[in-house]
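The next block is entry_15.cif, given as mmCIF, C-alpha atoms and all ligand atoms.
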data_protein
loop_
_atom_site.label_atom_id
_atom_site.label_comp_id
_atom_site.auth_asym_id
_atom_site.auth_seq_id
_atom_site.Cartn_x
_atom_site.Cartn_y
_atom_site.Cartn_z
CA MET A 1 -20.91 7.32 13.40
CA ASN A 2 -18.46 7.20 16.29
CA ASP A 3 -15.64 5.03 15.04
CA ILE A 4 -13.65 5.75 11.90
CA GLY A 5 -10.77 3.73 10.41
CA ILE A 6 -8.30 5.55 8.15
CA ASP A 7 -5.80 3.80 5.86
CA LEU A 8 -3.18 6.50 5.35
CA GLY A 9 -1.58 5.04 2.23
CA THR A 10 1.16 6.24 -0.10
CA THR A 11 -1.22 5.99 -3.05
CA SER A 12 -4.60 6.61 -1.49
CA VAL A 13 -6.37 7.46 1.73
CA ILE A 14 -9.33 5.16 2.42
CA VAL A 15 -11.77 5.74 5.26
CA ALA A 16 -14.04 2.98 6.57
CA VAL A 17 -16.70 2.61 9.24
CA GLU A 18 -17.34 -0.83 10.76
CA GLY A 19 -20.72 -2.16 9.59
CA LYS A 20 -21.04 0.57 6.96
CA GLY A 21 -18.06 0.00 4.67
CA ILE A 22 -15.90 2.46 2.74
CA ILE A 23 -17.00 6.09 3.04
CA LEU A 24 -14.06 7.84 1.34
CA ASN A 25 -11.37 6.74 -1.12
CA GLU A 26 -9.16 9.51 -2.51
CA PRO A 27 -5.63 9.66 -3.96
CA SER A 28 -3.09 10.90 -1.39
CA VAL A 29 -2.26 14.01 -3.39
CA VAL A 30 -2.28 17.69 -2.39
CA ALA A 31 -2.08 20.63 -4.84
CA VAL A 32 -0.47 23.80 -3.48
CA ASP A 33 0.00 27.31 -4.85
CA HIS A 34 3.55 28.52 -4.18
CA ARG A 35 2.59 32.15 -4.89
CA TYR A 36 0.43 32.31 -1.79
CA ASP A 37 2.54 30.68 0.93
CA ASP A 38 1.82 27.14 -0.30
CA LYS A 39 -1.92 27.58 0.00
CA VAL A 40 -3.74 24.27 -0.48
CA LEU A 41 -5.77 24.41 -3.71
CA ALA A 42 -7.12 20.88 -3.77
CA VAL A 43 -6.69 17.48 -2.14
CA GLY A 44 -7.52 13.98 -3.32
CA ALA A 45 -9.00 13.26 -6.76
CA GLU A 46 -9.11 16.94 -7.74
CA ALA A 47 -5.40 17.34 -6.95
CA PHE A 48 -4.55 14.04 -8.66
CA ALA A 49 -6.06 15.30 -11.93
CA MET A 50 -3.45 18.10 -11.82
CA VAL A 51 -0.40 15.80 -11.53
CA GLY A 52 1.99 16.55 -14.42
CA ARG A 53 -0.29 19.30 -15.77
CA THR A 54 0.42 22.29 -13.48
CA PRO A 55 2.02 25.68 -14.22
CA SER A 56 5.33 26.25 -12.41
CA TYR A 57 3.79 28.04 -9.41
CA ILE A 58 1.43 25.17 -8.60
CA SER A 59 2.56 21.71 -7.61
CA ALA A 60 0.53 18.56 -7.07
CA GLU A 61 2.47 16.56 -4.48
CA ARG A 62 2.29 13.22 -2.75
CA PRO A 63 3.03 13.94 0.93
CA LEU A 64 3.74 10.24 1.58
CA LYS A 65 6.48 8.59 -0.44
CA ASP A 66 8.07 5.12 -0.32
CA GLY A 67 6.15 4.27 2.81
CA VAL A 68 7.29 7.31 4.80
CA ILE A 69 5.83 10.76 5.39
CA SER A 70 7.96 13.03 3.23
CA ASN A 71 6.04 16.23 3.97
CA HIS A 72 4.59 16.60 7.48
CA VAL A 73 2.81 19.87 6.85
CA LEU A 74 0.96 18.67 3.76
CA THR A 75 0.17 15.29 5.35
CA LYS A 76 -1.50 17.10 8.24
CA LYS A 77 -3.49 19.37 5.93
CA MET A 78 -4.58 16.41 3.82
CA ILE A 79 -5.71 14.33 6.81
CA ARG A 80 -7.61 17.26 8.28
CA GLN A 81 -9.50 17.83 4.99
CA PHE A 82 -10.43 14.17 4.61
CA VAL A 83 -11.60 13.79 8.21
CA ASN A 84 -13.65 16.97 7.88
CA ARG A 85 -15.33 15.54 4.79
CA VAL A 86 -16.58 12.45 6.63
CA TYR A 87 -17.16 13.88 10.08
CA ASP A 88 -20.07 16.13 10.83
CA SER A 89 -19.08 18.40 13.72
CA ARG A 90 -22.65 18.28 15.10
CA MET A 91 -22.08 14.62 15.96
CA ILE A 92 -20.31 13.17 19.00
CA LYS A 93 -16.55 13.36 18.44
CA PRO A 94 -15.39 10.08 16.84
CA ARG A 95 -12.73 7.60 17.92
CA VAL A 96 -10.32 7.25 15.01
CA ALA A 97 -7.88 4.44 14.20
CA VAL A 98 -5.19 5.25 11.66
CA CYS A 99 -3.08 2.72 9.79
CA VAL A 100 0.30 4.37 9.35
CA PRO A 101 3.28 3.33 7.20
CA ALA A 102 5.49 0.75 8.95
CA ALA A 103 8.64 2.89 8.81
CA ILE A 104 7.02 5.94 10.43
CA THR A 105 9.06 7.77 13.10
CA GLY A 106 7.77 9.07 16.44
CA ILE A 107 7.70 12.66 15.19
CA GLU A 108 5.77 11.65 12.08
CA SER A 109 3.20 9.65 14.00
CA ASP A 110 2.78 12.61 16.40
CA ALA A 111 2.02 14.80 13.37
CA VAL A 112 -0.61 12.33 12.15
CA VAL A 113 -2.22 12.11 15.60
CA GLU A 114 -2.22 15.91 15.94
CA ALA A 115 -3.94 16.29 12.56
CA VAL A 116 -6.63 13.77 13.46
CA VAL A 117 -7.24 15.37 16.85
CA SER A 118 -7.41 18.85 15.34
CA ALA A 119 -9.97 17.53 12.86
CA GLY A 120 -12.24 16.56 15.77
CA ALA A 121 -11.28 13.08 17.04
CA ARG A 122 -11.76 12.37 20.73
CA GLN A 123 -9.40 9.39 20.79
CA VAL A 124 -6.77 8.25 18.26
CA PHE A 125 -5.28 4.78 17.82
CA LEU A 126 -2.44 3.73 15.54
CA ILE A 127 -2.37 0.30 13.93
CA ASP A 128 0.30 -1.54 11.92
CA GLU A 129 -0.54 -2.27 8.31
CA PRO A 130 -0.20 -6.11 8.37
CA ILE A 131 -2.43 -6.39 11.46
CA ALA A 132 -5.07 -4.19 9.81
CA ALA A 133 -4.72 -6.13 6.54
CA ALA A 134 -5.23 -9.46 8.32
CA LEU A 135 -8.30 -8.18 10.19
CA GLY A 136 -9.75 -6.69 7.01
CA SER A 137 -9.32 -9.92 5.08
CA GLY A 138 -11.50 -11.70 7.62
CA ILE A 139 -8.80 -13.66 9.47
CA ASP A 140 -9.45 -14.30 13.18
CA ILE A 141 -6.02 -13.26 14.40
CA THR A 142 -6.85 -13.74 18.09
CA GLN A 143 -6.56 -17.55 17.86
CA PRO A 144 -3.29 -19.47 18.56
CA MET A 145 -2.90 -20.13 14.84
CA GLY A 146 -0.27 -18.68 12.51
CA HIS A 147 -1.30 -16.63 9.50
CA MET A 148 0.92 -15.05 6.86
CA VAL A 149 -0.17 -11.81 5.24
CA ILE A 150 1.62 -9.97 2.42
CA ASP A 151 0.28 -6.43 1.88
CA LEU A 152 1.46 -4.98 -1.43
CA GLY A 153 0.86 -1.23 -1.45
CA GLY A 154 2.16 1.63 -3.57
CA GLY A 155 5.25 2.47 -1.48
CA THR A 156 5.94 -0.63 0.60
CA THR A 157 5.23 -4.32 0.84
CA ASP A 158 4.61 -5.50 4.39
CA ILE A 159 5.05 -9.17 5.17
CA ALA A 160 4.01 -10.59 8.54
CA ILE A 161 3.33 -13.77 10.45
CA ILE A 162 0.51 -13.13 12.91
CA SER A 163 -0.80 -15.24 15.80
CA LEU A 164 -2.68 -14.56 19.05
CA GLY A 165 -3.43 -10.95 18.17
CA GLY A 166 0.17 -9.96 17.47
CA LYS A 167 3.06 -10.03 15.00
CA VAL A 168 5.51 -12.90 15.42
CA GLN A 169 7.75 -12.05 12.46
CA ALA A 170 7.56 -9.11 10.08
CA SER A 171 9.40 -7.32 7.34
CA SER A 172 8.70 -4.16 5.36
CA VAL A 173 10.41 -3.60 2.01
CA PRO A 174 10.27 -0.47 -0.18
CA VAL A 175 9.39 -2.54 -3.25
CA ALA A 176 5.77 -2.15 -4.32
CA GLY A 177 3.48 -0.74 -7.01
CA ASN A 178 5.27 2.60 -7.47
CA MET A 179 8.64 0.94 -8.01
CA LEU A 180 7.14 -1.36 -10.63
CA ASP A 181 5.68 1.69 -12.43
CA GLU A 182 9.15 3.28 -12.48
CA GLU A 183 10.76 0.07 -13.76
CA ILE A 184 8.15 -0.11 -16.55
CA VAL A 185 8.95 3.50 -17.58
CA LYS A 186 12.68 2.62 -17.77
CA HIS A 187 12.08 -0.61 -19.67
CA VAL A 188 9.73 0.92 -22.27
CA ARG A 189 12.32 3.63 -22.85
CA GLN A 190 15.03 1.01 -23.34
CA ILE A 191 13.26 -1.45 -25.63
CA PHE A 192 11.00 0.91 -27.63
CA ASN A 193 12.96 4.20 -27.43
CA LEU A 194 9.78 5.69 -26.06
CA VAL A 195 9.37 8.06 -23.12
CA ILE A 196 6.15 7.48 -21.17
CA GLY A 197 4.77 8.93 -17.92
CA LEU A 198 4.08 7.08 -14.67
CA ARG A 199 0.34 7.09 -15.24
CA THR A 200 0.73 5.25 -18.55
CA ALA A 201 3.12 2.81 -16.87
CA GLU A 202 0.54 2.17 -14.14
CA GLU A 203 -2.14 1.45 -16.77
CA LEU A 204 0.22 -1.01 -18.49
CA LYS A 205 0.84 -2.68 -15.13
CA LYS A 206 -2.87 -3.02 -14.40
CA GLN A 207 -3.96 -4.13 -17.84
CA VAL A 208 -1.20 -6.21 -19.40
CA ALA A 209 1.59 -6.91 -16.88
CA CYS A 210 1.66 -10.41 -15.46
CA CYS A 211 4.15 -12.71 -13.72
CA PRO A 212 5.50 -15.32 -16.16
CA GLN A 213 4.12 -18.08 -13.86
CA CYS A 214 0.61 -17.29 -15.16
CA LYS A 215 -0.68 -17.98 -18.68
CA PHE A 216 -2.27 -14.53 -19.21
CA SER A 217 -1.33 -12.68 -22.38
CA GLY A 218 -2.62 -9.24 -23.40
CA THR A 219 -1.71 -6.15 -25.40
CA MET A 220 -2.24 -2.43 -24.92
CA GLU A 221 -1.56 0.57 -27.13
CA ILE A 222 0.35 3.35 -25.41
CA LYS A 223 1.36 6.84 -26.45
CA GLY A 224 4.57 8.62 -25.57
CA ARG A 225 7.43 10.66 -27.01
CA SER A 226 9.88 8.97 -29.35
CA LEU A 227 13.54 9.33 -28.37
CA VAL A 228 14.44 9.10 -32.05
CA THR A 229 12.15 11.74 -33.57
CA ASN A 230 11.20 13.63 -30.37
CA LEU A 231 7.61 13.47 -31.63
CA PRO A 232 4.54 11.75 -30.20
CA GLN A 233 4.43 8.05 -31.07
CA ARG A 234 2.14 5.06 -30.55
CA GLN A 235 3.33 1.62 -29.55
CA MET A 236 1.69 -1.76 -28.89
CA VAL A 237 2.99 -3.39 -25.71
CA LYS A 238 2.54 -7.10 -24.97
CA THR A 239 2.50 -8.93 -21.63
CA GLU A 240 5.81 -10.64 -22.48
CA ASP A 241 7.46 -7.21 -23.04
CA LEU A 242 6.95 -6.50 -19.32
CA TYR A 243 8.24 -9.76 -17.80
CA GLU A 244 11.64 -8.18 -17.08
CA PRO A 245 10.50 -5.20 -14.93
CA VAL A 246 7.85 -7.37 -13.25
CA MET A 247 10.35 -10.03 -12.23
CA LYS A 248 12.93 -7.44 -11.15
CA CYS A 249 10.48 -6.22 -8.48
CA ILE A 250 8.67 -9.43 -7.64
CA GLU A 251 11.83 -11.46 -7.04
CA GLN A 252 12.83 -9.07 -4.26
CA LEU A 253 9.47 -9.71 -2.61
CA GLY A 254 9.90 -13.46 -2.97
CA ILE A 255 13.26 -13.25 -1.20
CA ALA A 256 11.84 -11.08 1.62
CA ALA A 257 8.87 -13.45 2.15
CA HIS A 258 11.24 -16.43 2.16
CA GLN A 259 13.40 -14.77 4.81
CA VAL A 260 10.36 -14.14 7.03
CA LEU A 261 9.36 -17.80 6.76
CA GLU A 262 12.92 -18.94 7.57
CA LYS A 263 12.71 -17.12 10.91
CA THR A 264 9.23 -18.41 11.77
CA PRO A 265 8.95 -20.94 14.65
CA PRO A 266 8.16 -24.47 13.35
CA GLU A 267 4.63 -24.78 14.80
CA LEU A 268 3.60 -21.58 13.06
CA SER A 269 5.29 -22.70 9.83
CA GLY A 270 3.09 -25.79 10.00
CA ASP A 271 0.00 -23.57 10.37
CA ILE A 272 1.01 -21.52 7.35
CA TYR A 273 1.52 -24.69 5.35
CA SER A 274 -2.09 -25.67 6.05
CA GLU A 275 -3.67 -22.19 6.08
CA GLY A 276 -1.75 -20.67 3.15
CA VAL A 277 -0.79 -17.04 2.54
CA VAL A 278 -3.16 -14.10 2.00
CA LEU A 279 -2.27 -11.22 -0.34
CA THR A 280 -3.78 -7.77 0.31
CA GLY A 281 -3.29 -4.19 -0.99
CA GLY A 282 -3.77 -2.89 -4.53
CA GLY A 283 -0.55 -4.58 -5.64
CA ALA A 284 -2.14 -7.97 -4.90
CA LEU A 285 -4.17 -7.45 -8.10
CA LEU A 286 -1.09 -7.87 -10.30
CA LYS A 287 -1.87 -10.84 -12.50
CA GLY A 288 -0.03 -14.05 -11.70
CA LEU A 289 1.11 -12.95 -8.24
CA PRO A 290 -0.56 -15.83 -6.33
CA GLU A 291 1.03 -18.30 -8.77
CA TYR A 292 4.46 -16.66 -8.28
CA PHE A 293 4.35 -16.70 -4.46
CA SER A 294 2.90 -20.20 -4.43
CA GLU A 295 5.80 -21.50 -6.54
CA LYS A 296 8.37 -19.59 -4.50
CA LEU A 297 7.06 -20.43 -0.99
CA LYS A 298 5.55 -23.86 -1.74
CA VAL A 299 2.27 -23.01 -0.01
CA SER A 300 -1.20 -22.09 -1.26
CA VAL A 301 -1.67 -18.35 -1.85
CA GLN A 302 -4.93 -16.42 -2.11
CA VAL A 303 -5.82 -12.82 -2.84
CA ALA A 304 -8.11 -11.36 -0.12
CA PRO A 305 -11.73 -10.77 -1.27
CA ASP A 306 -11.42 -6.95 -1.44
CA PRO A 307 -7.64 -6.37 -1.40
CA VAL A 308 -7.67 -2.59 -1.99
CA ASN A 309 -10.02 -1.86 0.92
CA CYS A 310 -8.74 -4.56 3.28
CA VAL A 311 -6.50 -2.32 5.38
CA ALA A 312 -9.14 0.39 5.86
CA MET A 313 -11.80 -2.22 6.78
CA GLY A 314 -9.40 -3.87 9.23
CA THR A 315 -8.46 -0.50 10.73
CA ALA A 316 -12.12 0.29 11.39
CA LYS A 317 -12.63 -3.21 12.83
CA SER A 318 -9.66 -2.83 15.19
CA LEU A 319 -11.63 -0.28 17.19
CA THR A 320 -14.14 -2.99 18.14
CA MET A 321 -11.49 -5.38 19.43
CA GLY A 322 -8.64 -3.21 20.71
CA ASP A 323 -7.95 -5.16 23.91
CA GLN A 324 -7.61 -8.42 21.97
CA LEU A 325 -4.73 -7.03 19.90
CA GLU A 326 -1.40 -7.69 21.58
CA THR A 327 0.98 -5.84 19.27
CA GLY A 328 0.71 -3.33 16.47
CA PHE A 329 -2.21 -1.40 18.00
CA CYS A 330 -1.86 1.46 20.47
CA ASP A 331 -3.79 4.34 21.95
CA ALA A 332 -1.93 7.44 20.73
CA THR A 333 -4.30 10.09 22.09
CA PRO A 334 -2.23 13.00 23.43
CA ARG A 335 -2.66 13.26 27.21
CA ALA A 336 -2.19 16.42 29.22
CA GLY A 337 1.49 16.75 30.09
CA LYS A 338 2.53 13.94 27.68
N1 LIG A 401 -5.15 -4.16 -11.05
C1 LIG A 401 -3.98 -3.84 -10.53
N2 LIG A 401 -2.86 -4.50 -10.91
C2 LIG A 401 -1.65 -4.17 -10.40
N3 LIG A 401 -1.47 -3.19 -9.50
C3 LIG A 401 -2.55 -2.51 -9.09
C4 LIG A 401 -3.86 -2.79 -9.56
N4 LIG A 401 -4.73 -1.93 -8.96
C5 LIG A 401 -3.99 -1.14 -8.15
N5 LIG A 401 -2.69 -1.48 -8.23
C6 LIG A 401 -1.56 -0.83 -7.56
O1 LIG A 401 -1.71 -0.91 -6.15
C7 LIG A 401 -0.96 0.15 -5.57
C8 LIG A 401 -1.80 0.85 -4.53
O2 LIG A 401 -2.16 -0.08 -3.56
P1 LIG A 401 -2.72 0.41 -2.15
O3 LIG A 401 -3.90 1.27 -2.36
O4 LIG A 401 -2.87 -0.82 -1.31
O5 LIG A 401 -1.48 1.29 -1.68
P2 LIG A 401 -1.30 2.23 -0.41
O6 LIG A 401 -1.97 1.58 0.76
O7 LIG A 401 -1.75 3.60 -0.75
O8 LIG A 401 0.29 2.22 -0.25
P3 LIG A 401 1.20 1.86 1.02
O9 LIG A 401 0.51 0.74 1.75
O10 LIG A 401 2.51 1.45 0.43
O11 LIG A 401 1.30 3.13 1.80
C9 LIG A 401 -0.61 1.12 -6.69
O12 LIG A 401 0.77 0.98 -7.02
C10 LIG A 401 -1.50 0.65 -7.83
O13 LIG A 401 -0.93 0.92 -9.09
MG MG A 402 -1.41 0.37 2.24
#
Here is the file; what I need is its structure written in the form of structure tokens.
Ligand SMILES: Nc1ncnc2c1ncn2[C@@H]1O[C@H](COP(=O)(O)OP(=O)(O)OP(=O)(O)O)[C@@H](O)[C@H]1O
Ligand SMILES: [Mg+2]
Amino acid sequence: MNDIGIDLGTTSVIVAVEGKGIILNEPSVVAVDHRYDDKVLAVGAEAFAMVGRTPSYISAERPLKDGVISNHVLTKKMIRQFVNRVYDSRMIKPRVAVCVPAAITGIESDAVVEAVVSAGARQVFLIDEPIAAALGSGIDITQPMGHMVIDLGGGTTDIAIISLGGKVQASSVPVAGNMLDEEIVKHVRQIFNLVIGLRTAEELKKQVACCPQCKFSGTMEIKGRSLVTNLPQRQMVKTEDLYEPVMKCIEQLGIAAHQVLEKTPPELSGDIYSEGVVLTGGGALLKGLPEYFSEKLKVSVQVAPDPVNCVAMGTAKSLTMGDQLETGFCDATPRAGK
């Protein structure tokens, strides 16, 4: 195993190997003990299980927030642990491609590269999320043909028009799965006088939330704390109860996608009219999303076959076709004196 692709996401870190598939998928969470100089207690699923359940001296943190690296030190420690889990140091040092958040700064990307190198990589490449998403969804982006990809993650939604191995137009907005979870928490509090946590809100989003453009209707029982009695309370929530927070978030994405299309050269617009739009990322699984974008953009919209793993698969694939990628892919290996 010489080539590894890492999707460094706000919600999860997914590692893929071309021809082999996904070899690691863990929540991007790190648990630290503040009593011992922020010693790392756990990373990934083990740390995620601690979220909201820790004593005051332990915290389970997400080092990436809203599509940016909010804690360099923890991000580095997390990357190093994950790479060490998949890389056997007896093997030849791997080449590693990392898909980083679109809004990353130079200092942040240096920290990511340093972590990957210190974990044993011999060469490190950075790739933009929409390019990786397009590759992972099976699109041949090297052809002179326009493709539109919308990657809906936890922290950001990346929208891009891609042709001839590069981005022609792109936009990244901080409206994605996490924001919808927060809006659901606020809405449930408002209409049911019930306080719920983000994990319950995420479950509601996955199981019953839907864009009004789709006919789906479901219900789910949730538990929270009543604002009236301050005691635990149960509540049935219906799909229709969540239309408001769903549309609050989704409409912003519709506007952003529309703006990208407005700036797209006419030949490429024509391609997108015939090829349609591809949705990737975990957020693409929100029910009714293809119907919403299709109505808004007047083109056909499809969810990629494996939307959650698309970016990691595309990141691994990028290592096999680096010189065909014109933009959004670069060799970031530190050189002596650089
Ligand atoms: N069935 C589903 N319905 C709606 N949303 C879903 C579903 N499954 C996962 N999600 C959401 O997808 C989001 C995570 O997607 P993804 O793994 O692509 O994010 P990420 O790559 O970690 O984030 P980013 O790209 O912003 O850094 C979460 O907000 C999660 O709640
Ligand atoms: Mg992502």
Can you work out which one of A:Ser28, A:Ser59, A:Ser172, A:Ser294 has the shortest atom-to-atom distance to Lys77 in chain A, counting all atoms listed in the file?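 Closest to Lys77 in chain A, using all atoms listed in the file: A:Ser28.
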Spatial neighbours of range 1-16 of chain A, 6 Å, only C-alpha atoms, chain gap at least 4 places, as a short mmCIF file (atom, residue, chain, number, x, y, z; two decimals) with C-alpha atoms, keeping the file's coordinate frame:
data_model
loop_
_atom_site.label_atom_id
_atom_site.label_comp_id
_atom_site.auth_asym_id
_atom_site.auth_seq_id
_atom_site.Cartn_x
_atom_site.Cartn_y
_atom_site.Cartn_z
CA GLY A 21 -18.06 0.00 4.67
CA ILE A 22 -15.90 2.46 2.74
CA ILE A 23 -17.00 6.09 3.04
CA LEU A 24 -14.06 7.84 1.34
CA ASN A 25 -11.37 6.74 -1.12
CA GLU A 26 -9.16 9.51 -2.51
CA PRO A 27 -5.63 9.66 -3.96
CA SER A 28 -3.09 10.90 -1.39
CA LEU A 64 3.74 10.24 1.58
CA LYS A 65 6.48 8.59 -0.44
CA PRO A 94 -15.39 10.08 16.84
CA ARG A 95 -12.73 7.60 17.92
CA VAL A 96 -10.32 7.25 15.01
CA ALA A 97 -7.88 4.44 14.20
CA VAL A 98 -5.19 5.25 11.66
CA CYS A 99 -3.08 2.72 9.79
CA VAL A 100 0.30 4.37 9.35
CA GLY A 154 2.16 1.63 -3.57
CA GLY A 155 5.25 2.47 -1.48
CA ALA A 312 -9.14 0.39 5.86
CA MET A 313 -11.80 -2.22 6.78
CA THR A 315 -8.46 -0.50 10.73
CA ALA A 316 -12.12 0.29 11.39
#
Pick out the residues sitting within 7 Å of Ile222 in chain A, and hand them over as a list in words; count all atoms listed in the file, and ignore anything fewer than 4 positions along from it in its own chain. Arg234, Gln235 and Met236 of chain A
What lies within 9 Å of range 112-129 of chain A using all atoms listed in the file, ignoring chain neighbours under 3 positions off, as a ChimeraX atom specification? /A:7,72,75-84,87,89,92-102,107-109,132-134,151,158,311,315,318-319,327-334
Mind pulling up the distance from CA of Gly276 in chain A to CA of Ser300 in chain A?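 CA of Gly276 in chain A lies 4.7 Å from CA of Ser300 in chain A.
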Hey, which of A:Ala47, A:Leu41, A:Leu253, A:Ala284 ends up closest to ligand LIG 401 (chain A)? Count only C-alpha atoms and all ligand atoms.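 Using only C-alpha atoms and all ligand atoms, the shortest distance to ligand LIG 401 (chain A) belongs to A:Ala284.
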Selection: 12 Å around Phe293 in chain A, only C-alpha atoms, excl. self and same-chain fewer than 3 positions, as number ranges by chain: A: 148-150, 211-214, 247, 250-258, 276-279, 284, 286-290, 296-303
Please produce a file of those selected residues containing C-alpha atoms, as a PDB file, in the frame of the given file.
ATOM      1  CA  MET A 148       0.920 -15.050   6.860  1.00  0.00           C
ATOM      2  CA  VAL A 149      -0.170 -11.810   5.240  1.00  0.00           C
ATOM      3  CA  ILE A 150       1.620  -9.970   2.420  1.00  0.00           C
ATOM      4  CA  CYS A 211       4.150 -12.710 -13.720  1.00  0.00           C
ATOM      5  CA  PRO A 212       5.500 -15.320 -16.160  1.00  0.00           C
ATOM      6  CA  GLN A 213       4.120 -18.080 -13.860  1.00  0.00           C
ATOM      7  CA  CYS A 214       0.610 -17.290 -15.160  1.00  0.00           C
ATOM      8  CA  MET A 247      10.350 -10.030 -12.230  1.00  0.00           C
ATOM      9  CA  ILE A 250       8.670  -9.430  -7.640  1.00  0.00           C
ATOM     10  CA  GLU A 251      11.830 -11.460  -7.040  1.00  0.00           C
ATOM     11  CA  GLN A 252      12.830  -9.070  -4.260  1.00  0.00           C
ATOM     12  CA  LEU A 253       9.470  -9.710  -2.610  1.00  0.00           C
ATOM     13  CA  GLY A 254       9.900 -13.460  -2.970  1.00  0.00           C
ATOM     14  CA  ILE A 255      13.260 -13.250  -1.200  1.00  0.00           C
ATOM     15  CA  ALA A 256      11.840 -11.080   1.620  1.00  0.00           C
ATOM     16  CA  ALA A 257       8.870 -13.450   2.150  1.00  0.00           C
ATOM     17  CA  HIS A 258      11.240 -16.430   2.160  1.00  0.00           C
ATOM     18  CA  GLY A 276      -1.750 -20.670   3.150  1.00  0.00           C
ATOM     19  CA  VAL A 277      -0.790 -17.040   2.540  1.00  0.00           C
ATOM     20  CA  VAL A 278      -3.160 -14.100   2.000  1.00  0.00           C
ATOM     21  CA  LEU A 279      -2.270 -11.220  -0.340  1.00  0.00           C
ATOM     22  CA  ALA A 284      -2.140  -7.970  -4.900  1.00  0.00           C
ATOM     23  CA  LEU A 286      -1.090  -7.870 -10.300  1.00  0.00           C
ATOM     24  CA  LYS A 287      -1.870 -10.840 -12.500  1.00  0.00           C
ATOM     25  CA  GLY A 288      -0.030 -14.050 -11.700  1.00  0.00           C
ATOM     26  CA  LEU A 289       1.110 -12.950  -8.240  1.00  0.00           C
ATOM     27  CA  PRO A 290      -0.560 -15.830  -6.330  1.00  0.00           C
ATOM     28  CA  LYS A 296       8.370 -19.590  -4.500  1.00  0.00           C
ATOM     29  CA  LEU A 297       7.060 -20.430  -0.990  1.00  0.00           C
ATOM     30  CA  LYS A 298       5.550 -23.860  -1.740  1.00  0.00           C
ATOM     31  CA  VAL A 299       2.270 -23.010  -0.010  1.00  0.00           C
ATOM     32  CA  SER A 300      -1.200 -22.090  -1.260  1.00  0.00           C
ATOM     33  CA  VAL A 301      -1.670 -18.350  -1.850  1.00  0.00           C
ATOM     34  CA  GLN A 302      -4.930 -16.420  -2.110  1.00  0.00           C
ATOM     35  CA  VAL A 303      -5.820 -12.820  -2.840  1.00  0.00           C
TER      36      VAL A 303
END
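Comparing the minimum interatomic distances between ligand MG 402 (chain A) and each of A:Pro232, A:Lys215, A:Gly314, A:Thr157, counting only C-alpha atoms and all ligand atoms, we find that A:Thr157 sits nearest.
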Considering all atoms listed in the file, state which residue in the set A:Gln190, A:Thr280, A:Asn230, A:Thr200 is at the smallest distance from ligand LIG 401 (chain A).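 Nearest candidate to ligand LIG 401 (chain A) out of A:Gln190, A:Thr280, A:Asn230, A:Thr200: A:Thr280.
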Excluding same-chain residues fewer than 4 positions from Met220 in chain A, what lies within 10 Å of it counting only C-alpha atoms, as a PyMOL selection string? chain A and resi 203-204+207-209+235-239
Nearest to ligand LIG 401 (chain A): which of A:Pro245, A:Pro266, A:Gly153, A:Gly44 is it, counting all atoms listed in the file? A:Gly153
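Proximity of A:Pro144, A:Gly165, A:Gly67, A:Gly224 to ligand MG 402 (chain A), computed with all atoms listed in the file, is greatest for A:Gly67.
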For the point (-4.3, -3.8, -4.9) in the file's frame, write as a ChimeraX atom specification all residues with an atom no more than 7 Å away, counting only C-alpha atoms. /A:152-153,280-285,307-308
Do you have the CA of Asn71 in chain A-atom O1 of ligand LIG 401 (chain A) distance handy?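 Spanning CA of Asn71 in chain A to atom O1 of ligand LIG 401 (chain A) is a straight-line distance of 21.4 Å.
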CA of Asp66 in chain A and CA of Lys39 in chain A, how far apart in Å? 24.6 Å
